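As provided, structure_39.cif (mmCIF, C-alpha atoms) reads as follows.
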```cif
data_entry
#
loop_
_atom_site.label_atom_id
_atom_site.label_comp_id
_atom_site.auth_asym_id
_atom_site.auth_seq_id
_atom_site.Cartn_x
_atom_site.Cartn_y
_atom_site.Cartn_z
CA MET P 1 29.53 -33.33 46.90
CA PRO P 2 29.12 -33.93 43.20
CA ARG P 3 30.51 -31.40 40.87
CA SER P 4 27.66 -29.65 39.13
CA SER P 5 27.92 -29.89 35.41
CA PRO P 6 28.36 -26.57 33.58
CA SER P 7 26.18 -27.72 30.72
CA LEU P 8 22.46 -27.24 31.02
CA ASP P 9 19.55 -28.76 29.23
CA MET P 10 18.99 -26.81 26.07
CA THR P 11 16.21 -28.98 24.72
CA PRO P 12 13.24 -26.64 25.43
CA MET P 13 15.11 -23.71 23.96
CA VAL P 14 15.98 -25.66 20.85
CA ASP P 15 12.40 -26.85 20.56
CA LEU P 16 11.22 -23.29 20.68
CA ALA P 17 13.85 -22.14 18.22
CA PHE P 18 12.80 -24.78 15.71
CA LEU P 19 9.17 -24.01 16.23
CA LEU P 20 9.83 -20.39 15.40
CA VAL P 21 12.03 -21.29 12.43
CA THR P 22 9.25 -23.44 11.04
CA PHE P 23 6.72 -20.70 11.63
CA PHE P 24 8.75 -18.05 9.91
CA MET P 25 9.68 -20.34 7.06
CA LEU P 26 6.07 -21.09 6.35
CA THR P 27 4.71 -17.59 6.76
CA THR P 28 7.46 -15.61 5.16
CA GLN P 29 7.01 -13.87 1.87
CA PHE P 30 10.06 -12.33 0.44
CA ARG P 31 10.03 -8.67 -0.21
CA ALA P 32 10.16 -8.08 -3.92
CA ASP P 33 13.21 -6.26 -5.18
CA GLU P 34 11.96 -2.94 -6.40
CA PRO P 35 13.85 -0.33 -8.37
CA VAL P 36 12.78 2.43 -6.00
CA ILE P 37 12.13 2.64 -2.32
CA VAL P 38 9.00 4.54 -1.53
CA ASP P 39 8.09 5.84 1.84
CA MET P 40 4.34 5.50 1.93
CA PRO P 41 2.16 7.88 3.90
CA SER P 42 0.19 6.35 6.74
CA SER P 43 -3.55 6.11 7.09
CA ILE P 44 -6.19 4.45 9.22
CA ALA P 45 -7.51 2.50 6.24
CA GLU P 46 -8.02 -1.18 6.94
CA ILE P 47 -8.56 -2.67 3.51
CA LYS P 48 -5.90 -5.16 2.57
CA ILE P 49 -4.50 -5.41 -0.91
CA PRO P 50 -5.26 -8.79 -2.47
CA GLU P 51 -2.35 -11.14 -3.14
CA ILE P 52 -3.04 -11.75 -6.79
CA ASP P 53 -4.35 -9.74 -9.73
CA VAL P 54 -2.84 -6.49 -8.60
CA MET P 55 -1.50 -3.77 -10.83
CA THR P 56 0.76 -1.45 -8.93
CA ILE P 57 1.67 1.98 -10.18
CA THR P 58 4.49 3.36 -8.10
CA VAL P 59 5.25 7.06 -7.97
CA ASP P 60 8.54 7.97 -6.35
CA ASP P 61 9.50 11.23 -4.67
CA LYS P 62 10.85 12.66 -7.92
CA GLY P 63 7.57 12.04 -9.70
CA GLN P 64 8.86 9.12 -11.74
CA VAL P 65 6.37 6.38 -12.46
CA PHE P 66 6.98 2.65 -12.20
CA PHE P 67 4.69 -0.12 -13.24
CA ASN P 68 4.15 -3.66 -12.02
CA ILE P 69 1.64 -6.40 -12.70
CA ASP P 70 1.59 -9.94 -11.42
CA GLY P 71 1.12 -13.22 -13.22
CA LYS P 72 3.90 -14.60 -15.42
CA GLU P 73 1.69 -15.38 -18.37
CA THR P 74 -0.08 -12.05 -18.20
CA ARG P 75 3.25 -10.22 -18.17
CA ALA P 76 4.48 -12.12 -21.20
CA LYS P 77 1.27 -11.39 -23.05
CA VAL P 78 1.35 -7.70 -22.19
CA LEU P 79 4.97 -7.26 -23.22
CA ALA P 80 4.35 -8.95 -26.56
CA LYS P 81 1.42 -6.62 -27.23
CA MET P 82 3.37 -3.55 -26.18
CA GLY P 83 6.28 -4.60 -28.39
CA GLU P 84 3.91 -4.87 -31.31
CA LYS P 85 2.45 -1.47 -30.66
CA TYR P 86 5.75 0.37 -30.23
CA LYS P 87 7.57 -1.68 -32.87
CA VAL P 88 10.16 -3.01 -30.47
CA ASN P 89 11.03 -6.62 -31.12
CA PHE P 90 11.41 -8.64 -27.98
CA THR P 91 13.00 -12.07 -28.27
CA PRO P 92 11.32 -15.01 -26.50
CA ASP P 93 14.18 -14.96 -24.01
CA GLU P 94 13.57 -11.30 -23.21
CA ILE P 95 9.87 -11.94 -22.78
CA LYS P 96 10.69 -14.76 -20.39
CA ARG P 97 12.98 -12.50 -18.43
CA PHE P 98 10.33 -9.81 -18.31
CA SER P 99 7.81 -12.23 -16.89
CA ILE P 100 9.90 -12.82 -13.78
CA ILE P 101 11.06 -9.32 -12.90
CA THR P 102 8.98 -7.00 -10.75
CA SER P 103 8.40 -3.30 -11.02
CA PHE P 104 10.11 -1.40 -13.83
CA GLY P 105 10.19 2.21 -14.88
CA MET P 106 11.61 3.21 -18.23
CA PRO P 107 10.47 3.86 -21.78
CA ILE P 108 9.84 0.69 -23.73
CA THR P 109 12.88 1.27 -25.94
CA GLU P 110 15.12 1.18 -22.87
CA LEU P 111 13.41 -1.98 -21.72
CA LYS P 112 15.02 -3.74 -24.68
CA ASN P 113 18.47 -2.92 -23.25
CA TYR P 114 17.41 -3.60 -19.70
CA LEU P 115 16.02 -7.11 -19.98
CA PRO P 116 19.12 -9.05 -21.15
CA LYS P 117 21.23 -7.54 -18.38
CA LYS P 118 22.22 -9.16 -15.12
CA GLU P 119 21.00 -8.00 -11.72
CA LEU P 120 23.89 -5.66 -10.95
CA GLU P 121 24.07 -4.23 -14.43
CA ARG P 122 20.38 -3.46 -14.26
CA LYS P 123 20.95 -1.21 -11.27
CA ALA P 124 23.72 0.52 -13.19
CA LEU P 125 21.42 0.99 -16.18
CA TYR P 126 18.88 2.71 -13.95
CA ASP P 127 21.59 5.17 -12.93
CA VAL P 128 22.45 5.80 -16.57
CA ILE P 129 18.89 6.49 -17.64
CA GLN P 130 18.38 8.58 -14.52
CA ILE P 131 21.11 10.91 -15.75
CA ALA P 132 19.68 10.85 -19.26
CA GLY P 133 16.36 11.89 -17.72
CA LYS P 134 14.61 8.80 -19.04
CA LYS P 135 13.83 7.06 -15.78
CA GLY P 136 10.20 6.33 -15.20
CA ILE P 137 7.50 5.38 -17.65
CA PRO P 138 6.54 8.28 -19.94
CA TYR P 139 3.04 9.47 -19.19
CA ASP P 140 2.69 12.83 -20.92
CA SER P 141 0.05 13.29 -23.56
CA LEU P 142 2.48 13.01 -26.50
CA ASN P 143 4.00 9.74 -25.41
CA ASN P 144 1.63 8.09 -23.02
CA GLN P 145 3.14 4.66 -22.56
CA LEU P 146 1.69 4.33 -19.07
CA SER P 147 -1.79 4.49 -20.51
CA ASP P 148 -0.93 1.71 -22.98
CA TRP P 149 0.55 -0.47 -20.28
CA ILE P 150 -2.65 -0.09 -18.28
CA LEU P 151 -4.83 -0.75 -21.30
CA GLN P 152 -2.94 -3.84 -22.44
CA SER P 153 -2.75 -5.24 -18.94
CA ARG P 154 -6.47 -4.91 -18.52
CA TYR P 155 -7.02 -6.63 -21.85
CA ALA P 156 -4.80 -9.47 -20.72
CA ASN P 157 -6.42 -9.77 -17.32
CA PRO P 158 -9.67 -7.85 -16.74
CA LYS P 159 -9.65 -8.80 -13.07
CA PHE P 160 -6.78 -6.50 -12.21
CA ARG P 161 -7.24 -4.28 -9.19
CA ILE P 162 -5.28 -1.12 -9.51
CA ALA P 163 -3.24 0.28 -6.68
CA ILE P 164 -1.26 3.48 -6.59
CA LYS P 165 1.77 3.33 -4.37
CA GLY P 166 3.03 6.82 -3.94
CA ASP P 167 5.88 8.21 -1.92
CA GLY P 168 4.65 10.66 0.68
CA ASN P 169 6.87 13.36 -0.77
CA SER P 170 5.96 12.83 -4.38
CA PRO P 171 4.39 15.93 -5.92
CA TYR P 172 0.63 15.56 -6.03
CA PRO P 173 0.27 16.86 -9.61
CA THR P 174 2.06 13.68 -10.78
CA VAL P 175 -0.29 11.44 -8.85
CA LYS P 176 -3.19 13.47 -10.18
CA LYS P 177 -1.94 12.91 -13.72
CA VAL P 178 -1.80 9.17 -13.05
CA ILE P 179 -5.35 9.27 -11.72
CA GLU P 180 -6.45 11.16 -14.82
CA ILE P 181 -4.86 8.50 -17.02
CA LEU P 182 -6.70 5.84 -15.05
CA GLN P 183 -9.96 7.70 -15.52
CA LYS P 184 -9.34 7.95 -19.23
CA ASN P 185 -9.00 4.18 -19.22
CA LYS P 186 -12.36 4.00 -17.48
CA VAL P 187 -10.88 3.06 -14.13
CA ASN P 188 -12.81 4.96 -11.54
CA LYS P 189 -12.18 2.68 -8.62
CA PHE P 190 -8.68 2.12 -7.36
CA ASN P 191 -6.68 1.89 -4.17
CA LEU P 192 -4.03 4.05 -2.63
CA ILE P 193 -1.51 1.91 -0.79
CA THR P 194 -0.61 3.36 2.58
CA GLY P 195 1.37 2.30 5.57
CA MET P 196 -0.06 1.64 8.96
CA GLU P 197 -0.95 4.49 11.29
CA THR P 198 1.66 3.89 13.96
CA GLY P 199 3.82 6.93 13.72
CA ALA P 200 6.66 4.57 12.87
CA ALA P 201 6.97 5.94 9.37
CA PRO P 202 10.39 7.48 8.90
CA ALA P 203 10.49 11.22 9.00
CA ALA P 204 10.53 13.09 5.74
CA LYS P 205 14.00 13.72 4.44
CA MET C 206 17.38 -49.12 33.84
CA SER C 207 20.97 -50.21 33.82
CA ASP C 208 19.82 -53.70 32.96
CA VAL C 209 18.29 -52.59 29.74
CA ASP C 210 20.79 -52.70 26.99
CA THR C 211 19.58 -51.79 23.59
CA GLY C 212 22.91 -51.02 21.99
CA GLY C 213 25.19 -53.34 20.10
CA GLY C 214 25.84 -56.41 22.23
CA ASP C 215 29.65 -56.38 22.02
CA ASP C 216 30.41 -54.30 25.06
CA HIS C 217 28.10 -55.58 27.76
CA GLY C 218 29.55 -57.29 30.71
CA LYS C 219 32.04 -54.68 31.92
CA LYS C 220 30.69 -51.99 34.22
CA GLY C 221 32.96 -49.17 33.12
CA LYS C 222 32.19 -49.56 29.47
CA LYS C 223 28.48 -49.57 30.13
CA ARG C 224 28.70 -46.16 31.79
CA ALA C 225 30.72 -44.81 28.93
CA LYS C 226 28.04 -45.93 26.53
CA LYS C 227 25.31 -44.17 28.45
CA ASN C 228 27.19 -40.92 28.19
CA SER C 229 27.59 -41.31 24.47
CA THR C 230 23.84 -41.04 23.85
CA LYS C 231 24.18 -37.32 24.36
CA ILE C 232 25.31 -35.54 21.26
CA ASP C 233 26.59 -32.04 21.02
CA MET C 234 23.67 -30.01 19.77
CA THR C 235 25.50 -26.70 19.65
CA PRO C 236 26.07 -26.53 15.88
CA MET C 237 22.49 -27.46 15.23
CA VAL C 238 21.25 -24.82 17.62
CA ASP C 239 23.57 -22.30 16.04
CA LEU C 240 22.09 -23.09 12.68
CA ALA C 241 18.54 -22.97 14.01
CA PHE C 242 19.10 -19.54 15.46
CA LEU C 243 20.82 -18.34 12.33
CA LEU C 244 17.82 -19.38 10.27
CA LEU C 245 15.47 -17.92 12.84
CA THR C 246 17.23 -14.57 12.68
CA PHE C 247 17.28 -14.64 8.90
CA PHE C 248 13.58 -15.34 8.56
CA MET C 249 12.65 -12.88 11.26
CA LEU C 250 14.50 -10.12 9.51
CA THR C 251 13.37 -10.86 5.98
CA THR C 252 9.73 -11.55 6.67
CA THR C 253 7.20 -8.86 5.91
CA PHE C 254 4.37 -9.30 8.29
CA SER C 255 2.09 -6.39 7.89
CA LYS C 256 0.74 -6.17 4.45
CA PRO C 257 0.28 -2.54 3.63
CA ASN C 258 -3.21 -1.18 3.95
CA ALA C 259 -4.98 0.60 1.20
CA MET C 260 -7.69 3.19 1.00
CA GLU C 261 -10.23 2.86 -1.70
CA ILE C 262 -10.99 5.81 -3.94
CA ASN C 263 -13.99 6.08 -6.18
CA MET C 264 -13.76 8.82 -8.73
CA PRO C 265 -16.89 10.00 -10.53
CA LEU C 266 -17.42 8.90 -14.10
CA LYS C 267 -15.97 11.33 -16.58
CA ASP C 268 -19.00 11.64 -18.75
CA PRO C 269 -20.10 15.07 -19.96
CA THR C 270 -23.67 13.87 -20.42
CA ILE C 271 -24.11 13.25 -16.71
CA THR C 272 -24.95 16.36 -14.76
CA PRO C 273 -23.44 16.36 -11.29
CA PRO C 274 -25.90 16.39 -8.41
CA LYS C 275 -26.89 19.79 -7.06
CA ILE C 276 -25.62 20.67 -3.62
CA ALA C 277 -26.78 23.45 -1.32
CA GLU C 278 -24.17 26.17 -1.06
CA SER C 279 -24.42 26.28 2.71
CA THR C 280 -23.17 22.70 3.03
CA VAL C 281 -20.06 23.21 0.94
CA MET C 282 -16.66 23.47 2.53
CA THR C 283 -13.57 23.87 0.41
CA ILE C 284 -10.16 22.68 1.55
CA ILE C 285 -7.10 23.74 -0.40
CA LEU C 286 -3.82 21.95 0.20
CA SER C 287 -0.65 23.86 -0.41
CA ASP C 288 3.08 23.61 0.17
CA LYS C 289 4.71 23.10 3.58
CA ASN C 290 1.69 21.09 4.77
CA LYS C 291 -0.47 24.19 4.91
CA ILE C 292 -4.23 23.97 4.58
CA TYR C 293 -6.56 26.77 3.53
CA TYR C 294 -10.27 26.36 3.96
CA TYR C 295 -13.48 28.32 3.55
CA TYR C 296 -17.20 27.71 3.75
CA GLY C 297 -19.76 28.35 1.05
CA ILE C 298 -18.99 29.68 -2.38
CA THR C 299 -19.82 33.35 -2.53
CA ASP C 300 -17.82 35.77 -0.41
CA PRO C 301 -15.36 33.21 0.96
CA LYS C 302 -13.38 33.98 4.10
CA VAL C 303 -10.24 31.94 3.71
CA GLU C 304 -8.57 30.68 6.84
CA GLN C 305 -5.32 28.86 7.28
CA THR C 306 -4.62 25.79 9.36
CA ASN C 307 -2.44 22.67 9.38
CA PHE C 308 -2.47 18.92 9.92
CA GLY C 309 -1.72 19.19 13.63
CA PRO C 310 -4.07 17.96 16.36
CA ASP C 311 -5.57 21.44 16.72
CA GLY C 312 -5.67 21.95 13.01
CA ILE C 313 -8.04 20.71 10.37
CA ARG C 314 -9.42 17.86 12.46
CA LYS C 315 -10.81 20.22 15.05
CA VAL C 316 -12.41 22.29 12.32
CA LEU C 317 -13.96 19.26 10.67
CA LEU C 318 -15.17 17.70 13.89
CA LYS C 319 -16.89 20.94 14.85
CA ARG C 320 -18.40 21.37 11.43
CA ASN C 321 -19.60 17.78 11.20
CA LYS C 322 -20.77 17.43 14.80
CA THR C 323 -24.41 16.59 14.09
CA VAL C 324 -23.44 13.80 11.70
CA ILE C 325 -20.83 12.39 14.07
CA ASP C 326 -23.32 12.37 16.94
CA ALA C 327 -25.99 10.71 14.83
CA VAL C 328 -23.57 8.05 13.58
CA GLU C 329 -22.36 7.44 17.11
CA LYS C 330 -25.96 7.02 18.26
CA ILE C 331 -26.55 4.38 15.60
CA ARG C 332 -23.38 2.60 16.60
CA LYS C 333 -24.52 2.50 20.23
CA GLU C 334 -27.90 1.19 19.12
CA PHE C 335 -26.48 -1.61 17.02
CA GLU C 336 -23.51 -2.69 19.07
CA PRO C 337 -25.51 -4.66 21.69
CA LYS C 338 -27.36 -6.36 18.86
CA ILE C 339 -24.13 -7.39 17.19
CA GLU C 340 -22.83 -8.77 20.47
CA ALA C 341 -26.05 -10.61 21.12
CA ALA C 342 -25.96 -12.26 17.71
CA THR C 343 -24.99 -15.89 18.05
CA GLU C 344 -24.34 -16.80 14.46
CA GLU C 345 -21.80 -15.15 12.28
CA LYS C 346 -24.31 -14.81 9.51
CA ASP C 347 -26.64 -12.77 11.71
CA GLU C 348 -23.74 -10.65 12.89
CA LYS C 349 -22.83 -9.79 9.31
CA ALA C 350 -26.44 -8.94 8.49
CA ILE C 351 -26.77 -6.60 11.45
CA GLU C 352 -23.45 -4.98 10.65
CA LYS C 353 -24.63 -4.38 7.12
CA GLU C 354 -27.85 -2.87 8.40
CA MET C 355 -25.83 -0.55 10.65
CA LYS C 356 -23.65 0.55 7.74
CA VAL C 357 -26.70 1.31 5.62
CA ALA C 358 -28.18 3.43 8.41
CA MET C 359 -24.88 5.25 8.87
CA ASN C 360 -24.44 5.91 5.19
CA LYS C 361 -27.92 7.35 5.03
CA ILE C 362 -26.95 9.96 7.61
CA LYS C 363 -23.55 10.62 6.06
CA GLY C 364 -25.09 11.11 2.65
CA ASP C 365 -27.90 13.33 3.92
CA LYS C 366 -28.40 16.45 1.83
CA ASN C 367 -27.74 18.72 4.78
CA SER C 368 -24.43 17.12 5.72
CA THR C 369 -21.18 18.79 4.83
CA MET C 370 -19.79 18.36 1.34
CA VAL C 371 -16.03 18.78 1.31
CA LEU C 372 -14.25 19.81 -1.86
CA ILE C 373 -10.57 18.94 -1.72
CA LYS C 374 -8.37 20.99 -3.97
CA THR C 375 -4.64 21.09 -4.32
CA ASP C 376 -2.22 23.58 -5.75
CA ASP C 377 0.91 22.52 -7.61
CA MET C 378 3.09 22.50 -4.52
CA ALA C 379 1.05 19.98 -2.56
CA LYS C 380 2.56 16.63 -1.72
CA TYR C 381 0.87 13.29 -2.18
CA LYS C 382 1.13 12.74 1.57
CA ASN C 383 -1.10 15.76 2.20
CA VAL C 384 -3.83 14.31 0.01
CA VAL C 385 -3.69 10.93 1.74
CA ASP C 386 -3.76 12.69 5.10
CA ILE C 387 -6.80 14.75 4.21
CA LEU C 388 -8.61 11.68 2.86
CA ASP C 389 -7.76 10.03 6.14
CA GLU C 390 -9.24 12.98 8.03
CA MET C 391 -12.44 12.50 6.02
CA ALA C 392 -12.64 8.93 7.33
CA ILE C 393 -11.80 9.99 10.89
CA CYS C 394 -14.36 12.78 10.92
CA THR C 395 -17.05 10.57 9.31
CA ILE C 396 -17.52 12.87 6.36
CA GLY C 397 -19.48 10.94 3.78
CA LYS C 398 -19.38 13.40 0.93
CA TYR C 399 -16.10 14.62 -0.43
CA ALA C 400 -14.49 14.99 -3.80
CA LEU C 401 -11.10 15.72 -5.29
CA VAL C 402 -11.65 18.74 -7.48
CA ASP C 403 -9.42 20.90 -9.68
CA ILE C 404 -8.40 24.21 -8.17
CA LEU C 405 -9.75 27.44 -9.70
CA PRO C 406 -7.48 30.35 -10.67
CA VAL C 407 -9.45 32.57 -8.26
CA GLU C 408 -8.56 30.29 -5.40
CA ILE C 409 -4.86 30.27 -6.24
CA GLU C 410 -5.02 34.04 -6.08
CA MET C 411 -6.84 33.95 -2.77
CA ILE C 412 -4.26 31.78 -1.07
CA ASN C 413 -1.41 33.75 -2.61
CA ASN C 414 -2.86 36.86 -1.00
CA LEU C 415 -2.75 35.15 2.37
CA LYS C 416 0.85 34.01 2.08
#
```
Could I get this structure in the form of structure tokens?
Amino acid sequence: MPRSSPSLDMTPMVDLAFLLVTFFMLTTQFRADEPVIVDMPSSIAEIKIPEIDVMTITVDDKGQVFFNIDGKETRAKVLAKMGEKYKVNFTPDEIKRFSIITSFGMPITELKNYLPKKELERKALYDVIQIAGKKGIPYDSLNNQLSDWILQSRYANPKFRIAIKGDGNSPYPTVKKVIEILQKNKVNKFNLITGMETGAAPAAK
Amino acid sequence: MSDVDTGGGDDHGKKGKKRAKKNSTKIDMTPMVDLAFLLLTFFMLTTTFSKPNAMEINMPLKDPTITPPKIAESTVMTIILSDKNKIYYYYGITDPKVEQTNFGPDGIRKVLLKRNKTVIDAVEKIRKEFEPKIEAATEEKDEKAIEKEMKVAMNKIKGDKNSTMVLIKTDDMAKYKNVVDILDEMAICTIGKYALVDILPVEIEMINNLK
């Protein structure tokens, strides 16, 4: 009687594994590194957010506002304009760095310190400005930088669709303020980003 | 098969060596498989499949020269969102009887479904009328056209002047989640007319009296 070999044919399994690897490699889109994690409320809405030309205004659970637009060239253009307006001089290197980061939330003066920093130091800077009470883009009527960011972005790219990404536990008055700012900028149509209605959303802390 | 020798010609002739050569065509795939699975796990964990959904909001133009459309008082229902996921609601404008409810299954949805029953039934009737037509359509173009026609008919009923107009108001303690939830309820209960409105001082007083 021949000894049966302990090794078995792994070829189909390997085939499948590679098929899946290829599939995931081609379909994957890396999650952007965001300064805040927001836990979005769920809804039955079925509209998908487009991939390009999106302006995202994030509101976290403390009511701090973060801003993000896509398009490298648009970002560079917007930052240059904002620097002009608020008399903050950004070097070409800083503008280049700004064009590749994602969401940010701080007054424009802090942005000057933030941009030259490395990844880890940036996180630390967020903690520092959090303590100083400067985290988030100012949006009160005396210093409405959010409004200017929206205005300049829309000048740079009029095709922007605006999406508000709010944490479920963020106070509504903040979101309402953001909506009012949008309306002042003649934006009456926008989207609220929500999660899927599966009940899988983590429970409120 | 043993006659076929495609390898380097040096070794043929001796039986034992031939067998050894046959075995050597198998290579150990384990490291490759390890790597494949490592990559597979990595991509599976980092990939974000479901793009988040979004609800679309249209706010009215803020133009003082435009007078808002007149609505019959009997069709108005006011919903006030407050802290701890509480909802207060009342019908009409004069002499309001404020009631309290919540987001549970027996809460606001039941109230809205009851209130909006005629519209829901009418919309459902249209859906039943059009669904066979959509299924019967052979071309995608026709299907889209019929679907559009259905939506127009539905919107006509939803926007009818006798259908319920919901005013959504929030006090300062409301959470963003509550607003999204109530907008979601509007979609679920096929309410075509609703608006986010500022709360009045009288209403704050009314709900404070209930607390």
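Here, the PyMOL selection byres ((chain P and resi 99) around 6) matches Lys72, Arg75, Ala76, Lys96, Arg97, Phe98, Ile100 and Ile101 of chain P.
Straight-line separation from CA of Gln130 (chain P) to CA of Asp39 (chain P): 19.5 Å.
Among the candidate residues P:Leu192, P:Met55, P:Ala80, P:Leu115, the one lying nearest to Pro257 (chain C) is P:Leu192, with distances computed using only C-alpha atoms.
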> Once you count only C-alpha atoms, which residues end up no further than 12 Å from (-1.8, -3.4, -21.6) in the file's frame, shown as an MDAnalysis selection string?
Replying inline: chainID P and resid 55 67:69 74:85 145:158 160 185
>> I need the output of the PyMOL selection byres ((chain C) within 7 of (chain P)) for this file as a ChimeraX atom specification; which residues are they?
In response: /C:238,241-242,244-245,248-249,251-253,256-266,377-382,385-386,389
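Residue nearest Ala277 (chain C), chosen from C:Ile393, C:Leu243, C:Ile298, C:Val402 and counting all atoms listed in the file: C:Ile298.
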>> Could you tell me how far CA of Met106 (chain P) sits from CA of Pro138 (chain P), in Å to one decimal place?
In response: 7.4 Å
>> Which residues, named as in the file, does the PyMOL selection byres ((chain C and resi 353-364) around 8) pick out? Answer as a PyMOL selection string.
In response: chain C and resi 324+327-328+331-332+335+349-352+365-366+368+395-398
Those same residues, written as an mmCIF file, in the coordinates of the input with C-alpha atoms?
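Okay, result_27.cif is ready:
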```cif
data_model
loop_
_atom_site.group_PDB
_atom_site.id
_atom_site.type_symbol
_atom_site.label_atom_id
_atom_site.label_comp_id
_atom_site.auth_asym_id
_atom_site.auth_seq_id
_atom_site.Cartn_x
_atom_site.Cartn_y
_atom_site.Cartn_z
ATOM 1 C CA VAL C 324 -23.440 13.800 11.700
ATOM 2 C CA ALA C 327 -25.990 10.710 14.830
ATOM 3 C CA VAL C 328 -23.570 8.050 13.580
ATOM 4 C CA ILE C 331 -26.550 4.380 15.600
ATOM 5 C CA ARG C 332 -23.380 2.600 16.600
ATOM 6 C CA PHE C 335 -26.480 -1.610 17.020
ATOM 7 C CA LYS C 349 -22.830 -9.790 9.310
ATOM 8 C CA ALA C 350 -26.440 -8.940 8.490
ATOM 9 C CA ILE C 351 -26.770 -6.600 11.450
ATOM 10 C CA GLU C 352 -23.450 -4.980 10.650
ATOM 11 C CA ASP C 365 -27.900 13.330 3.920
ATOM 12 C CA LYS C 366 -28.400 16.450 1.830
ATOM 13 C CA SER C 368 -24.430 17.120 5.720
ATOM 14 C CA THR C 395 -17.050 10.570 9.310
ATOM 15 C CA ILE C 396 -17.520 12.870 6.360
ATOM 16 C CA GLY C 397 -19.480 10.940 3.780
ATOM 17 C CA LYS C 398 -19.380 13.400 0.930
#
```
>> Neighbouring residues of Ile387 (chain C) were defined as those with any atom within 12 Å, considering only C-alpha atoms; residues of the same chain fewer than 2 positions away were excluded. Please report them as a PyMOL selection string.
In response: (chain P and resi 41-44) or (chain C and resi 283-287+290-292+307-309+312-314+317+371-375+379-385+389-394+396+399-401)
What would the file look like if the residues just selected were written as a PDB file, in the frame of the given file with C-alpha atoms?
```
ATOM      1  CA  PRO P  41       2.160   7.880   3.900  1.00  0.00           C
ATOM      2  CA  SER P  42       0.190   6.350   6.740  1.00  0.00           C
ATOM      3  CA  SER P  43      -3.550   6.110   7.090  1.00  0.00           C
ATOM      4  CA  ILE P  44      -6.190   4.450   9.220  1.00  0.00           C
TER       5      ILE P  44
ATOM      6  CA  THR C 283     -13.570  23.870   0.410  1.00  0.00           C
ATOM      7  CA  ILE C 284     -10.160  22.680   1.550  1.00  0.00           C
ATOM      8  CA  ILE C 285      -7.100  23.740  -0.400  1.00  0.00           C
ATOM      9  CA  LEU C 286      -3.820  21.950   0.200  1.00  0.00           C
ATOM     10  CA  SER C 287      -0.650  23.860  -0.410  1.00  0.00           C
ATOM     11  CA  ASN C 290       1.690  21.090   4.770  1.00  0.00           C
ATOM     12  CA  LYS C 291      -0.470  24.190   4.910  1.00  0.00           C
ATOM     13  CA  ILE C 292      -4.230  23.970   4.580  1.00  0.00           C
ATOM     14  CA  ASN C 307      -2.440  22.670   9.380  1.00  0.00           C
ATOM     15  CA  PHE C 308      -2.470  18.920   9.920  1.00  0.00           C
ATOM     16  CA  GLY C 309      -1.720  19.190  13.630  1.00  0.00           C
ATOM     17  CA  GLY C 312      -5.670  21.950  13.010  1.00  0.00           C
ATOM     18  CA  ILE C 313      -8.040  20.710  10.370  1.00  0.00           C
ATOM     19  CA  ARG C 314      -9.420  17.860  12.460  1.00  0.00           C
ATOM     20  CA  LEU C 317     -13.960  19.260  10.670  1.00  0.00           C
ATOM     21  CA  VAL C 371     -16.030  18.780   1.310  1.00  0.00           C
ATOM     22  CA  LEU C 372     -14.250  19.810  -1.860  1.00  0.00           C
ATOM     23  CA  ILE C 373     -10.570  18.940  -1.720  1.00  0.00           C
ATOM     24  CA  LYS C 374      -8.370  20.990  -3.970  1.00  0.00           C
ATOM     25  CA  THR C 375      -4.640  21.090  -4.320  1.00  0.00           C
ATOM     26  CA  ALA C 379       1.050  19.980  -2.560  1.00  0.00           C
ATOM     27  CA  LYS C 380       2.560  16.630  -1.720  1.00  0.00           C
ATOM     28  CA  TYR C 381       0.870  13.290  -2.180  1.00  0.00           C
ATOM     29  CA  LYS C 382       1.130  12.740   1.570  1.00  0.00           C
ATOM     30  CA  ASN C 383      -1.100  15.760   2.200  1.00  0.00           C
ATOM     31  CA  VAL C 384      -3.830  14.310   0.010  1.00  0.00           C
ATOM     32  CA  VAL C 385      -3.690  10.930   1.740  1.00  0.00           C
ATOM     33  CA  ASP C 389      -7.760  10.030   6.140  1.00  0.00           C
ATOM     34  CA  GLU C 390      -9.240  12.980   8.030  1.00  0.00           C
ATOM     35  CA  MET C 391     -12.440  12.500   6.020  1.00  0.00           C
ATOM     36  CA  ALA C 392     -12.640   8.930   7.330  1.00  0.00           C
ATOM     37  CA  ILE C 393     -11.800   9.990  10.890  1.00  0.00           C
ATOM     38  CA  CYS C 394     -14.360  12.780  10.920  1.00  0.00           C
ATOM     39  CA  ILE C 396     -17.520  12.870   6.360  1.00  0.00           C
ATOM     40  CA  TYR C 399     -16.100  14.620  -0.430  1.00  0.00           C
ATOM     41  CA  ALA C 400     -14.490  14.990  -3.800  1.00  0.00           C
ATOM     42  CA  LEU C 401     -11.100  15.720  -5.290  1.00  0.00           C
TER      43      LEU C 401
END
```
> Hey, what's within 12 Å of Ile129 (chain P) if we count all atoms listed in the file and toss same-chain stuff fewer than 2 positions away? As a list in words, please?
Replying inline: Gln64, Gly105, Met106, Pro107, Thr109, Glu110, Leu111, Asn113, Tyr114, Arg122, Lys123, Ala124, Leu125, Tyr126, Asp127, Ile131, Ala132, Gly133, Lys134, Lys135, Gly136 and Ile137 of chain P
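With CA of Pro116 (chain P) on one side and CA of Gly71 (chain P) on the other, the separation reads 20.1 Å.
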> Nearest to Gly63 (chain P): which of P:Lys177, P:Pro12, P:Lys112, P:Thr102 is it, counting only C-alpha atoms?
Replying inline: P:Lys177
